[in-house]
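The block underneath contains the structure these notes are about, expressed in structure tokens.
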Amino acid sequence: MSVRVRFAPSPTGFLHVGGARTALYNYLHARASGGVFVLRIEDTDAERSSEESTRAILDGLRWLGLAWDEGPGVGGKYGPYFQAERRPLYADAAKRLEDAGHAYPCFCTPEELEQRRSAQLGRGEDPRYDGRCRERSPAERARRRAAGEPAALRFAAPPGREVAWDDVVRGRIAFQSDVLDDFVLVRSDGWPTYNFACVVDDLAMRITHVIRGDDHISNTPRQILIYQAFAAEPPVFAHASMILGPDGKRLSKRHGATSVEAFGDLGIVPEGMVNFLALLGWALDGKTELFTLAELERVFRLERVGPNPAVFDTQKLEWINAQHVKRLDEVERTRRVCAWLERHGHDLSKRSDEWRRAFVRALGDRLKTLADAADVGAFALADPPAMQTEAWAELLARPGADARLGALADRVQALPAWTLEALESATRSLASEAGVKAGDIIAPARVALTGRKAAPGIFDVMWLLGRERVVSRLQAAAERWRAESPLAARP
RNA sequence: GGCGCUAUCGUCUAGGGGUCCAGGACGGGUGGUUCUCAGCCAUCAAACCGGGGUUCGAAUCCCCGUAGCGCUACCA
């Protein structure tokens, strides 16, 4: 039987990293096994669900490059793919279960249940449904229903049974059915609960493997019981572990960016995000670290997903991201860096394609994220760029800096051709004529031109700035040096 | 509290009874290289949660602790 997996988010927020990894594993397992990846939106909780969330989740998935074979926008023969549109199916399934004696109406109100629950807690007992509606006669049920009394539908959990399954990532997991309680299948307002809708849909959609977070482990025995009540074979389950923040707690907004969209804003490239997420709980061989999505599709094996919770390490994300940025060809890298900058308040509209390419080339391997381009490239993005105090102080302490800067300005001014080669040879010959190391010219020039001690190669910087700005920044620095340096000859 | 899951360097992990005085990567240290930075190269430090078993032999299997996390709703 061919593999069918699904990612089934509830649209109550953005696509967070935990969900993204779950989606990734589902997607990869489908691709690696020639199966089908279904996307289903679990919007049975009208209170918390929203269309914006649905859109954000779809956007997040698309950004990562995880294309679904069936689901919103693409359709498929097992639709609809929004649970809100599948209510008749749940009603029908509920009726079948009730007719078969696996479910019964419960007339207890939420208030009564809450009261009993706190009483049980007060007595030091485990809070559980006391089963009082389970024994009501068919006549009473019919009468109360006919009278329009609201009722939820509860599952009649079989007592004294072991419910177990062989989890792909954890091995055998077993629960005693007695601790499972008569959980609710359909709420009194007619909406199915998660566990019920999930099983009905997974069955209807012919899902073969349920890959999800381990926060669903305790739902699994309930779902298995429902499958059994339908006399159906449960799918294979694989529960991946949780993703934790640096403090060891489940990753949440408190830890900063958690939606994939936010990582895009941080300058993380989808290739990097996918690679990093894949490695959070899965390893090919413990040695290979860098993968493209296409490579993962070939080598991913669900059996190699590990059971232990993983801490989300931003530094490693950035390193992996850097590797992917580095591997982008020049055209693509230029496109992405410039797109990021323009989306974040930098106007590049007057820059030529040649300049953009040279700019991104000059940034070189200094980008861990696309966002780093704003910082590393600040010398060209701001005019003039901010002067770092420490850098300026160092320049002030340099004897004769003004003369060097002035001389370089003159050479640059007189340069016939504006090329990297011309800039470099002019600078080096100035140094040798002055009997100093090239570094003695370059270091002060870097501070004058970029406001910093560290920057891209000085000739790239000059070329990108253009003759006019190079000369004026050099001269301005020379003047300021004469005005401020204790080394300057005072008239 | 109950139920469940997890436990190898700070972090992600490899390892599945001998080949492990535990390997790789990030991060950190040191050295080299280019105009600085980044990068690259080299190099160093850094872990089998504790205790009992089983076994000739245990990071690997079992048990018990401990710790962390999850669930404990007419949320998903």
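In the structure tokens, chains take the letters A, B, ... in the order shown, each chain's residues start at 1, and ligands count up from 1 in the order shown.
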**Request:** With a cut-off of 8 Å and counting only C-alpha atoms (C1' of nucleotides), select all residues of chain A in contact with chain B and give the selection as a PyMOL selection string.
**Result:** chain A and resi 10+42+45+110+124+126+152+179+184+186-188+193-194+214-218+248-250+279-280+283+285-289+307-311+313+315-316+319+364-366+438-439+442-443+453-458
Got a sec: who's within 10 Å of Val260 in chain A, counting only C-alpha atoms (C1' of nucleotides), leaving out chain neighbours fewer than 2 positions off, as an mmCIF file with C-alpha atoms, in the first residue's frame?
```cif
data_model
loop_
_atom_site.group_PDB
_atom_site.id
_atom_site.type_symbol
_atom_site.label_atom_id
_atom_site.label_comp_id
_atom_site.auth_asym_id
_atom_site.auth_seq_id
_atom_site.Cartn_x
_atom_site.Cartn_y
_atom_site.Cartn_z
ATOM 1 C CA PHE A 14 1.614 31.190 12.583
ATOM 2 C CA LEU A 15 3.597 28.206 11.422
ATOM 3 C CA HIS A 16 6.011 27.791 14.288
ATOM 4 C CA VAL A 17 9.243 25.863 14.135
ATOM 5 C CA GLY A 18 7.824 22.760 15.808
ATOM 6 C CA GLY A 19 5.016 22.586 13.300
ATOM 7 C CA ALA A 20 7.411 23.320 10.474
ATOM 8 C CA ALA A 56 0.126 32.317 7.342
ATOM 9 C CA ILE A 57 0.569 28.561 7.649
ATOM 10 C CA ASP A 59 2.678 30.815 3.267
ATOM 11 C CA GLY A 60 5.110 29.338 5.746
ATOM 12 C CA LEU A 61 4.918 25.932 4.090
ATOM 13 C CA TRP A 63 8.331 29.506 1.887
ATOM 14 C CA LEU A 64 9.996 26.328 3.096
ATOM 15 C CA ALA A 257 11.398 34.239 16.788
ATOM 16 C CA THR A 258 9.396 31.050 16.508
ATOM 17 C CA ALA A 262 10.059 35.685 11.511
ATOM 18 C CA PHE A 263 13.165 33.739 10.551
ATOM 19 C CA GLY A 264 12.815 35.014 7.026
ATOM 20 C CA ASP A 265 12.858 38.533 8.405
ATOM 21 C CA LEU A 266 15.950 37.648 10.363
ATOM 22 C CA ILE A 268 17.394 33.048 7.321
ATOM 23 C CA PRO A 270 14.566 28.667 3.470
ATOM 24 C CA MET A 273 15.873 26.615 7.799
#
```
**Request:** Going by DSSP on the backbone, which bits of range 59-155 of chain A are strand (DSSP E or B)? Write them as a ChimeraX atom specification, please.
**Result:** /A:70-71,75,82,103-106,152-155
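Residues in contact with U8 in chain B at up to 9 Å, not including ones fewer than 5 positions away on its chain and judged by only C-alpha atoms (C1' of nucleotides), are U13, A22, A47, C48 and A59 of chain B.
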